[in-house]
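S.K.: Before I ask anything, here is the structure I am working with.
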Amino acid sequence: MAPLPNGWEMVVGLEVHTELKTATKLFCGCANAFGAAPNTQVCPVCLGLPGSLPVLNEHAVDLAMAIGMALHCTIAPSTFHRKNYFYPDMPKDYQISQYDLPINSGGYLDLPDGSRVSIERAHMEEDTGKTTHLGGSGRIHGADRSLVDYNRSGVPLVEIVSGPDIRTPEQARAYASELRGILIATGASDGRMEEGSMRIDANVSVRRPDAPFGTRCEIKNLNSLRSLQRAIEYEALRQIELIEDGGTVRQETRHWDEVAGETSTMRTKEEAEDYRYFLEPDLVELAPDAAWQQRIREQLGPMPAARRAALSALLSHPQPAQLDAIEVVVDLELDEYVHAAAAAQADVAIALARAANEVAGNLESRSNLTTDAFSATVLMEQRGELSATQAKTVLGDVLASGGDPAAAAAARGFEQMSSDSLSSTVAGLIDANPDEWQRYRDGDDKLAQFFIGLVMKATKGQANGKSVIAELQARR
Amino acid sequence: MKSAVDIARDVNAGASAVEELERSLASIRSRNDELNVFLHVDEEGAYAAARRVDEIVAAGGSAGPLAGVPVALKDNLCTLGVPTTCSSKILDGWRPPYNATVVDRLRAAGAVPVGKTNLDEFAMGSSTENSAFGPTRNPLDPARVPGGSSGGSAAAVAANMTPLSLGSDTGGSIRQPAALCGLVGVKPTYGSVSRYGLIAFASSLDQIGPFAKTVADAALALEVIGGYDPKDSTSLNETAPQLLATLDSGVAGRRVGLVRELVEGSDDDVTRSVDRAAAVLRDAGATVVELSIPELTLGLSAYYLIAPAEASSNLARYDGVRYGLRVDAEDVAAMNEATRTAGFGAEVKRRIMLGTYALSAGYYDAYYGQALKVRTQMIAAFARAYADVDLLLGATTPSVAFAFGSKTNDPMAMYLNDVFTIPTNLSGEAAISVPFGTGEADLPVGVQLLGPGRSEPTLFAAARVLEVAEGR
């Protein structure tokens with residue numbers, strides 16, 4: 001966005017909730033899976049039935065520690081507390097969460113632009129059920145009826161709280177995007193924001209540079225990167241306008257309306273709940289020993305920043321478009337294709353472009369494409385055996401149904417065009433277009449494209465552009 | 001009525017569990033209307049269990065250490081498909097979809113659960129007068145209370161309806177009614193009996209334990225229900241203590257501390273019983289020393305902050321949304337409020353309010369936080385005492401069973417009934433109440449033996465010494 005008016009600066013901290021990709025819930029053996037029929041993944045524990053007791057899922061602890069390690073946090077003995085408030089989709093009317101002693105604290109996340117955002121903590125807690133309000137506005141007030149699905153109740157969450165270090169909506173977006181990459185890379189989350197497996201609350205305030213922090217407002221439940229960016233921008237401008245008009249910002253929780261593009265008051269500080277936190281007496285201290293921590297550390301693969309650096313290192317002078325392609329490749333975990341192509345002496349630029357476009361566009365069928373087949377296709381394109389268009393088609397065919405790219409090319413009739421036949425085609429077209437040929441010979445290089453277009457048309461795209469240029473230059 | 005030990009021995013030898021059940025049901029029928037012991041008798045389930053035991057024995061198998069023993073269950077223990085109310089209107093109509101771990105273990109040991117007994121609502125009380133379904137009467141004197149909160153389970157055994165019952169003890173709710181009904185009652189070490197399926201009052205204090213007429217029956221029951229349960233994270237990771245094997249090992253060479261603060265303020269009859277118990281232990285070869293643990297007097301205040309604080313959270317779930325009572329209103333918050341207003345009794349509301357206040361921002365440090373510090377001091381004080389002695393001795397309650405209504409208008413007088421029992425819950429250690437002597441109106445007096453965590457074998461052996469001295 002454009003700089004804020006009159007020298008104002010925004011101060012933003014983000015709280016990101018991520019669902020952990022465990023097989024079962026945080027405190028019981030019910031399946032942790034999205035999309036099942038309502039209230040089919042429940043038991044006495046996650047329904048909070050009288051007499052039931054929680055038992056901590058150790059795999060959730062594995063993933064929480066992996067997140068902490070990836071964010072350079074300190075892992076310490078931790079405890080669980082009860083956060084008490086009434087809400088119909090929270091079956092015990094308290095949430096088991098970590099409070100003064102979180103499992104992870106004091107880390108940081110470096111963004112691609114070189115800035116660093118501090119991580120205050122990354123703690124474990126359980127998710128609530130999901131309420132659907134029928135009738136009225138679709139929100140709880142004024143609804144005719146509400147239906148509650150407890151399948152999500154007790155799903156493990158990690159809440160990652162950043163320091164108030166973010167200064168622009170773009171930086172907020174970059175932070176969320178980078179964090180999402182890390183969550184995927186650790187195996188902790190699938191990062192699917194549209195399914196709610198990653199949800200963001202933003203704390204926004206404004207100030208004059210170097211002034212103390214202003215009063216902040218918390219915007220709840222931003223569930224896309226676009227919403228995050230828009231909501232922060234709107235909220236900062238709202239606060240500036242308010243202050244410049246002589247008003248003061250009230251500390252409050254605000255709701256983001258995606259359609260109207262506005263935030264609105266949910267509850268003020270005075271209406272805020274007193275959560276009456278106290279130590280959860282049904283659980284004991286969580287203190288993963290050194291061997292447990294070591295096991296998780298050893299399983300941790302490289303994080304997105306390191307993977308981007310590894311791909312950039314394959315190029316001598318990475319261009320902006322290539323850096324974008326690298327970001328896509330890392331985000332979608334397609335690194336192995338590019339590295340395999342590089343190992344096979346294929347052109348990395350071509351490999352990146354094909355991975356970030358053709359493979360990225362057919363992610364669901366990527367298992368049909370081996371790294372060898374990918375490398376072979378890039379090599380065929382690079383050697384001129386396939387035109388770029390043909391290479392894309394071949395990749396599409398292999399992604400759709402597997403198999404060998406050479407066979408796929410043959411099946412499409414993408415025979416290598418012999419240089420004799422290309423030569424006679426070019427000769428024929430020169431004879432047919434003497435004026436253009438003369439201008440080309442006189443130095444008008446733009447006409448090369450004219451002849452390439454004619455050759456492509458005549459050969460139905462089977463000719464290789466570089467070979468055509470070579471042919472033209474030989475006759476010039 | 002035969003003891004549990006005798007019933008199990010005879011049933012395993014071929015005596016009929018069904019006939020034993022019929023004797024139990026007959027005595028329930030004869031006095032339940034008068035005493036209001038059982039809220040629900042599960043005849044069908046009990047017959048099925050008894051028949052299964054008989055079939056196993058008929059087929060030549062062993063039906064387990066509690067074969068054919070009728071057992072009464074406090075109605076805060078979850079029983080699959082059988083109403084479980086906590087003596088509260090708010091759980092009206094709820095049938096748990098699962099058994100408490102202790103219920104599963106009883107059944108696996110051949111016991112025959114016959115029904116669910118009355119209690120102070122959500123185990124909050126010391127007389128069973130706080131039940132939404134009317135008070136239970138003391139079988140020894142129906143004009144008096146049986147104690148509480150496990151008054152129904154105590155009365156079931158005292159009235160010879162079942163030889164064994166289970167209760168829960170958060171601040172004395174097993175030991176106090178045991179004393180008032182002339183029974184053995186045990187508060188086991190915290191974590192030694194699974195709480196899974198025990199409807200929580202105060203999770204860090206609650207512990208399930210048995211009532212019986214004899215120390216041996218109580219030992220048998222605790223051996224069956226105790227031991228590690230992966231479903232309770234606070235469960236101690238060890239097997240149940242073996243108590244019967246060492247029951248007659250005596251107290252020779254043991255050091256016993258007679259604690260001034262666990263007798264002070266008692267009626268003279270009670271004090272005399274405790275002194276006489278000390279003499280009996282001394283005669284049996286123990287060294288008895290008098291000692292003082294001043295921190296114990298702080299227990300009551302700390303308890304009445306910690307227990308209500310946990311209760312205010314544990315009882316939040318009764319909101320009308322998912323099960324039990326619902327009183328409809330215009331929106332969810334109003335429905336929650338109307339349901340809880342109608343569903344909870346006065347004592348439960350008092351404690352929820354007390355606990356909510358104690359945990360509130362601005363009051364936490366002064367109340368709940370302070371109570372936790374007292375608790376820490378109490379644990380340290382017990383540890384200092386146990387560095388010097390093996391067991392502690394005192395009274396279970398300051399008086400014998402009291403008359404109905406005598407303390408209901410004065411919560412503090414009622415709370416003081418638990419002054420001797422509460423410290424053990426705060427420390428998470430073990431204690432047993434044994435009937436020893438009589439007091440006013442020839443009613444039984446209970447003396448209390450206390451020990452460190454996992455000291456049950458020593459406690460039971462000492463209790464057995466007192467029992468033998470009483471000619472039982």
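Lettering and numbering for the structure tokens are positional, with chains as A, B, ... in the shown order, residues counted from 1 in each chain, and ligands counted from 1 in the shown order.
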Which neighbours of Ile28 (chain B) fall inside 10 Å, counting only C-alpha atoms, when residues of the same chain fewer than 5 positions from it are skipped, and could you give them as a list in words?
M.R.: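 Counting only C-alpha atoms, the residues come to Glu22, Arg23, Asp33, Leu35, Asn36, Val37, Phe38, Val41, Val114, Ala156, Ala159, Asn160, Met161 and Thr162 of chain B.
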S.K.: Using only C-alpha atoms, find each residue in chain B having at least one atom no more than 9 Å away from chain A; report its shortest atom-to-atom pair and that distance in Å (one decimal), rows by chain then rising number, as CSV.
M.R.:
residue,atom,partner,partner_atom,distance
B:Asn76,CA,A:Gly51,CA,8.3
B:Leu77,CA,A:Gly51,CA,7.6
B:Cys78,CA,A:Gly51,CA,6.8
B:Pro96,CA,A:Leu49,CA,8.2
B:Pro97,CA,A:Pro44,CA,7.7
B:Tyr98,CA,A:Pro44,CA,7.9
B:Ala100,CA,A:Gly51,CA,7.6
B:Arg195,CA,A:Gly51,CA,7.6
B:Tyr196,CA,A:Ser52,CA,5.8
B:Gly197,CA,A:Gly51,CA,4.0
B:Leu198,CA,A:Gly51,CA,4.7
B:Ile199,CA,A:Gly51,CA,4.0
B:Ala200,CA,A:Gly51,CA,6.0
B:Ala202,CA,A:Pro281,CA,8.6
B:Ser203,CA,A:Pro281,CA,5.9
B:Ser204,CA,A:Pro281,CA,5.4
B:Pro230,CA,A:Val55,CA,7.9
B:Lys231,CA,A:Val55,CA,6.4
B:Asp232,CA,A:Leu53,CA,6.2
B:Ser233,CA,A:Leu283,CA,5.6
B:Thr234,CA,A:Leu283,CA,6.4
B:Ala309,CA,A:Phe278,CA,8.8
B:Glu310,CA,A:Pro281,CA,8.3
B:Ser313,CA,A:Asn84,CA,6.7
B:Asn314,CA,A:Lys92,CA,7.7
B:Leu315,CA,A:Lys92,CA,8.4
B:Ala316,CA,A:Asp93,CA,5.6
B:Arg317,CA,A:Lys92,CA,4.6
B:Tyr318,CA,A:Lys92,CA,8.3
B:Asp319,CA,A:Pro88,CA,8.2
B:Val321,CA,A:Pro88,CA,6.4
B:Arg322,CA,A:Pro91,CA,7.9
B:Tyr323,CA,A:Leu49,CA,8.7
B:Asp331,CA,A:His141,CA,8.1
B:Val332,CA,A:Pro88,CA,7.6
B:Ala333,CA,A:Phe86,CA,8.2
B:Asn336,CA,A:Phe86,CA,8.6
B:Thr356,CA,A:Arg276,CA,7.6
B:Ala358,CA,A:Arg276,CA,8.9
B:Leu359,CA,A:Arg276,CA,5.2
B:Ser360,CA,A:Arg276,CA,5.4
B:Ala361,CA,A:Asp274,CA,6.6
B:Tyr364,CA,A:Arg276,CA,8.2
S.K.: Quick one: of A:Leu222, A:Asn151, A:Ile452, A:Val206, who's nearest to Arg238 (chain A), counting only C-alpha atoms?
M.R.: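 Counting only C-alpha atoms, the residue closest to Arg238 (chain A) is A:Val206.
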S.K.: Could you check which of A:Leu71, A:Leu134, A:Ala409, A:Leu472 is closest to Gly106 (chain A), using only C-alpha atoms?
M.R.: A:Leu71
S.K.: Just how far from CA of Val102 (chain B) is CA of Asp10 (chain B), in Å to one decimal?
M.R.: 23.4 Å
